[in-house]
There are 2 protein chains.
Amino acid sequence: MAVIHQTQIRQEILETTRKLLVKYGYNFISMRKIASNAGCALGTIYLYFDNKDILIHSLIDEGFEKMYNMLLDETRKYEQPDKRLEVLCKKYISFGLEYPEYYEIMYLLHPERMKRYPKEKFRRARRTFDLVAEILDEVAENRGILLKDSTLISYSIWASLHGVVTILLARRLDKRIDQNDFIDNVVQRTLRSVI
Amino acid sequence: MAVIHQTQIRQEILETTRKLLVKYGYNFISMRKIASNAGCALGTIYLYFDNKDILIHSLIDEGFEKMYNMLLDETRKYEQPDKRLEVLCKKYISFGLEYPEYYEIMYLLHPERMKRYPKEKFRRARRTFDLVAEILDEVAENRGILLKDSTLISYSIWASLHGVVTILLARRLDKRIDQNDFIDNVVQRTLRSVI
DNA sequence: AATAATTATGAACGGTGTTCATAATTATAA
DNA sequence: TTATAATTATGAACACCGTTCATAATTATT
C-alpha cells in the first residue's frame, strides 16, 4: 500500500502525457503509449494515478494556469474597463483556438467522465470567472451603473465565448462565414449586451 | 461487392442503434451490442455501414429533423417576431437538454471524427439556421431596421445558445447559479443584442 | 545480514472497432 | 428444374484498449 509518491517517474509520466496530448491529441493517448514513451511499465502508471481520467485531469491545472496567465497578461496591457473586457473575451477565444488540446480536457471532456472530475479543478477554473467578474465590476463602476449579479453575467458571457470556441473547434461554422467576422460579431454582441 | 442495400436488417440496425443511444448514451454503444440487440452478426453491420462513425452519423438526420420540427412548432404558436425569436432560443436550449444523446451526435462529436462527417448532414443542419435567419428578418422588418447579414447574426446567436447547452450538458455551471436564471440571462442578453 | 516495506513489472482479463475467409442464401441461366 | 453465379450473412481472428494483480526487483529498517 503505497501512500506518498513523489519520485521522478511521476513527473516523467505527466510530462510525457502532456507532450502526447499536445502533439497527437486526446484520442491518440493510451496508457501503453504513455508508459512506452515515459520509459516505464504499463502497471507503473497505476502506482501514481488511479486511472486514465485522473492522469489526464492532472493536466487540467496546467491548462487553467496557462489560460489565466494569458488572460491576465492581456488585460493588464489596458486600463480602460471596456477595452479590458473586450481583450479578455478575444483572448479567451484565441486561447481555445491556439491550445485545442488543453481546451478539450478543460471544458469538453464528456460529461460521463466528469463524474470523476475532481472538485479542486472546478475551483481552479473559477479563478478565470473571478477575473471576468472583476473586470465586469470595473466596467459597471466606470459607467456608473450598479451590477446586480456579476457572477451570473460572467457565466453568461462565458457561454457565448465557449460557444464560439466549440463551434470553431468542431469546425461547424458555415464556410460562407468568415471566422474573424464571426468572432468579432459575437464579442461585440456580448460586450453590447453586458449592461 | 454489394452495391445497393435496402433490406429490413439495415433498418433494424439503425433503429437498434437509436434505441441504445437514447437509452444508454453514446459511450455504451458498441458494434457487438448493436449486433446482438438487432439480432444479426457483428460482421453484418459492416455490410450496410462502412464503420461505426457512419452508422452513428445516420442518426444525425433524425436529430436535425426532430429539432427542426420542435422549433417550427414552437415558433408557429406566436406571431410577434420578438416573441418568436425568444421562444426559438429557449426551445433550442430545451431541446439540447431534453435530448442530450441527439445533441451530442449532432454537435459535440469530437472534431477528429468529423473528418468523416458527411457533407449532406451539414446541409440538413443549415435548415435550422435558415429558420433563425428568417425570424431575424421578421424582427428587423417589424422594427423597421435593415439587417446587413442575418446569416452571420444567426450563427452568432447560435454560438451563445450552443454555449449554454454545452455548459449545462457538461455540468460546468457553478452550482451557486440557478440553471434557469442562467438560461434566461443568456437568452435575454442575446435578444437584446440582436440589433 | 536478514527482514520488512516499497516500487516496478508485464501477463492476463474482458472489452473495443474492423477485417476477411467461409458458409448460407438468393437470383439467374441453361 | 438443376447448375451456376451473385449476393448476403457469419463469427473467428487481429490489433488495440483500460485495468488488475501475482510476482519480481529494489530500497529501508532492524
# chains A, B, ... in the order shown; residues from 1 in each chain; ligands from 1

call {"tool": "interface_residues", "arguments": {"of": "chain B", "to": "chain C", "cutoff": "10 Å", "atoms": "only C-alpha atoms (C1' of nucleotides)", "output": "short mmCIF file (atom, residue, chain, number, x, y, z; two decimals) with N, CA and C atoms, in the first residue's frame"}}
result
data_model
loop_
_atom_site.label_atom_id
_atom_site.label_comp_id
_atom_site.auth_asym_id
_atom_site.auth_seq_id
_atom_site.Cartn_x
_atom_site.Cartn_y
_atom_site.Cartn_z
N SER B 30 -21.64 -0.22 -28.60
CA SER B 30 -20.55 -0.89 -29.29
C SER B 30 -21.16 -1.70 -30.43
N MET B 31 -20.35 -1.99 -31.42
CA MET B 31 -20.85 -2.70 -32.58
C MET B 31 -21.39 -4.08 -32.18
N ARG B 32 -20.76 -4.70 -31.23
CA ARG B 32 -21.23 -6.01 -30.77
C ARG B 32 -22.60 -5.92 -30.11
N GLY B 43 -20.39 -8.91 -38.14
CA GLY B 43 -19.94 -8.52 -39.47
C GLY B 43 -21.03 -7.97 -40.36
N TYR B 46 -21.31 -4.27 -40.94
CA TYR B 46 -20.34 -3.68 -41.87
C TYR B 46 -20.72 -3.85 -43.33
N ASP B 50 -20.06 1.40 -43.41
CA ASP B 50 -18.62 1.22 -43.54
C ASP B 50 -17.91 1.15 -42.19
N ASN B 51 -18.38 1.94 -41.25
CA ASN B 51 -17.78 1.92 -39.92
C ASN B 51 -18.75 2.50 -38.89
N LYS B 52 -18.32 2.50 -37.66
CA LYS B 52 -19.18 2.93 -36.57
C LYS B 52 -19.63 4.38 -36.73
#

call {"tool": "interface_residues", "arguments": {"of": "chain B", "to": "chain D", "cutoff": "8 Å", "atoms": "only C-alpha atoms (C1' of nucleotides)", "output": "list in words"}}
result
Ala2, Ala41, Leu42, Gly43 and Thr44 of chain B

call {"tool": "interface_residues", "arguments": {"of": "chain B", "to": "chain A", "cutoff": "9 Å", "atoms": "only C-alpha atoms", "output": "NGL selection string"}}
result
:B and (27 or 107-112 or 114 or 122 or 126 or 151-153 or 155-167 or 169-174 or 177-178 or 181-183 or 185-186 or 188-195)

call {"tool": "write_last_selection", "arguments": {"atoms": "C-alpha atoms", "output": "PDB file, in the first residue's frame"}}
result
ATOM      1  CA  ASN B  27     -20.456   5.598 -24.729  1.00  0.00           C
ATOM      2  CA  TYR B 107     -22.989  18.985 -32.385  1.00  0.00           C
ATOM      3  CA  LEU B 108     -20.494  17.558 -29.956  1.00  0.00           C
ATOM      4  CA  LEU B 109     -18.784  14.641 -31.621  1.00  0.00           C
ATOM      5  CA  HIS B 110     -15.079  15.155 -31.449  1.00  0.00           C
ATOM      6  CA  PRO B 111     -13.569  17.128 -34.283  1.00  0.00           C
ATOM      7  CA  GLU B 112     -11.324  14.252 -35.328  1.00  0.00           C
ATOM      8  CA  MET B 114     -15.711  14.982 -38.190  1.00  0.00           C
ATOM      9  CA  PHE B 122     -24.204  19.923 -42.764  1.00  0.00           C
ATOM     10  CA  ARG B 126     -28.339  24.535 -42.077  1.00  0.00           C
ATOM     11  CA  THR B 151     -26.822  34.673 -41.589  1.00  0.00           C
ATOM     12  CA  LEU B 152     -23.826  35.895 -39.646  1.00  0.00           C
ATOM     13  CA  ILE B 153     -26.046  37.037 -36.804  1.00  0.00           C
ATOM     14  CA  TYR B 155     -24.597  31.896 -36.268  1.00  0.00           C
ATOM     15  CA  SER B 156     -23.651  34.437 -33.685  1.00  0.00           C
ATOM     16  CA  ILE B 157     -26.873  33.769 -31.807  1.00  0.00           C
ATOM     17  CA  TRP B 158     -26.298  30.077 -32.181  1.00  0.00           C
ATOM     18  CA  ALA B 159     -22.898  30.396 -30.546  1.00  0.00           C
ATOM     19  CA  SER B 160     -24.458  31.753 -27.390  1.00  0.00           C
ATOM     20  CA  LEU B 161     -27.204  29.151 -27.281  1.00  0.00           C
ATOM     21  CA  HIS B 162     -24.800  26.350 -28.073  1.00  0.00           C
ATOM     22  CA  GLY B 163     -22.552  27.589 -25.311  1.00  0.00           C
ATOM     23  CA  VAL B 164     -25.400  27.355 -22.830  1.00  0.00           C
ATOM     24  CA  VAL B 165     -26.314  23.841 -23.860  1.00  0.00           C
ATOM     25  CA  THR B 166     -22.771  22.508 -23.788  1.00  0.00           C
ATOM     26  CA  ILE B 167     -22.014  24.099 -20.438  1.00  0.00           C
ATOM     27  CA  LEU B 169     -24.632  19.179 -20.528  1.00  0.00           C
ATOM     28  CA  ALA B 170     -21.046  19.102 -19.301  1.00  0.00           C
ATOM     29  CA  ARG B 171     -22.328  20.177 -15.873  1.00  0.00           C
ATOM     30  CA  ARG B 172     -19.918  23.036 -15.771  1.00  0.00           C
ATOM     31  CA  LEU B 173     -22.249  25.673 -14.373  1.00  0.00           C
ATOM     32  CA  ASP B 174     -21.340  26.927 -10.942  1.00  0.00           C
ATOM     33  CA  ILE B 177     -26.040  29.828 -10.109  1.00  0.00           C
ATOM     34  CA  ASP B 178     -29.575  28.771 -10.880  1.00  0.00           C
ATOM     35  CA  ASP B 181     -31.515  32.187 -14.323  1.00  0.00           C
ATOM     36  CA  PHE B 182     -28.518  31.300 -16.420  1.00  0.00           C
ATOM     37  CA  ILE B 183     -30.612  30.341 -19.420  1.00  0.00           C
ATOM     38  CA  ASN B 185     -29.885  35.709 -18.754  1.00  0.00           C
ATOM     39  CA  VAL B 186     -28.165  34.434 -21.882  1.00  0.00           C
ATOM     40  CA  GLN B 188     -32.247  37.988 -22.763  1.00  0.00           C
ATOM     41  CA  ARG B 189     -28.734  39.236 -23.477  1.00  0.00           C
ATOM     42  CA  THR B 190     -28.884  37.530 -26.840  1.00  0.00           C
ATOM     43  CA  LEU B 191     -32.223  39.047 -27.768  1.00  0.00           C
ATOM     44  CA  ARG B 192     -31.209  42.499 -26.621  1.00  0.00           C
ATOM     45  CA  SER B 193     -28.014  42.417 -28.620  1.00  0.00           C
ATOM     46  CA  VAL B 194     -29.546  41.247 -31.838  1.00  0.00           C
ATOM     47  CA  ILE B 195     -29.970  44.634 -33.339  1.00  0.00           C
TER      48      ILE B 195
END

call {"tool": "select_by_dssp", "arguments": {"residues": "stretch 46-192 of chain B", "states": "alpha helix (DSSP H)", "output": "PyMOL selection string"}}
result
chain B and resi 46-48+52-57+60-76+81-98+100-103+119-143+150-169+179-192

call {"tool": "closest_residue", "arguments": {"among": "A:Asp73, A:Glu62, A:Glu86, A:Glu101", "to": "A:Ile29", "atoms": "only C-alpha atoms"}}
result
A:Glu101

call {"tool": "residues_around", "arguments": {"residues": "stretch 133-145 of chain A", "least_positions_apart": "5", "cutoff": "6 Å", "atoms": "only C-alpha atoms (C1' of nucleotides)", "output": "tab-separated table (two decimals) with N, CA and C atoms, in the first residue's frame"}}
result
chain	number	residue	atom	x	y	z
A	81	PRO	N	-11.73	50.03	-18.76
A	81	PRO	CA	-12.51	48.83	-18.44
A	81	PRO	C	-13.15	48.14	-19.64
A	82	ASP	N	-13.79	48.92	-20.51
A	82	ASP	CA	-14.44	48.32	-21.68
A	82	ASP	C	-13.43	47.61	-22.57
A	150	SER	N	-22.80	40.08	-10.91
A	150	SER	CA	-21.71	40.00	-11.89
A	150	SER	C	-21.27	38.55	-12.12
A	151	THR	N	-21.49	37.69	-11.14
A	151	THR	CA	-21.13	36.29	-11.32
A	151	THR	C	-22.00	35.62	-12.39
A	154	SER	N	-21.05	36.90	-15.67
A	154	SER	CA	-19.77	36.31	-16.07
A	154	SER	C	-19.99	34.97	-16.76

call {"tool": "atom_distance", "arguments": {"atom1": "atom CA of A:Thr17", "atom2": "atom CA of A:Ile60"}}
result
11.7 Å

call {"tool": "residues_around", "arguments": {"residues": "A:Asp61", "least_positions_apart": "2", "cutoff": "9 Å", "atoms": "only C-alpha atoms (C1' of nucleotides)", "output": "VMD selection string"}}
result
chain A and resid 57 to 59 63 to 66 106 121 124 to 125

call {"tool": "atom_distance", "arguments": {"atom1": "atom CA of A:Ser36", "atom2": "atom CA of A:Thr16"}}
result
9.6 Å

call {"tool": "atom_distance", "arguments": {"atom1": "atom CA of B:Glu79", "atom2": "atom CA of B:Tyr99"}}
result
26.8 Å
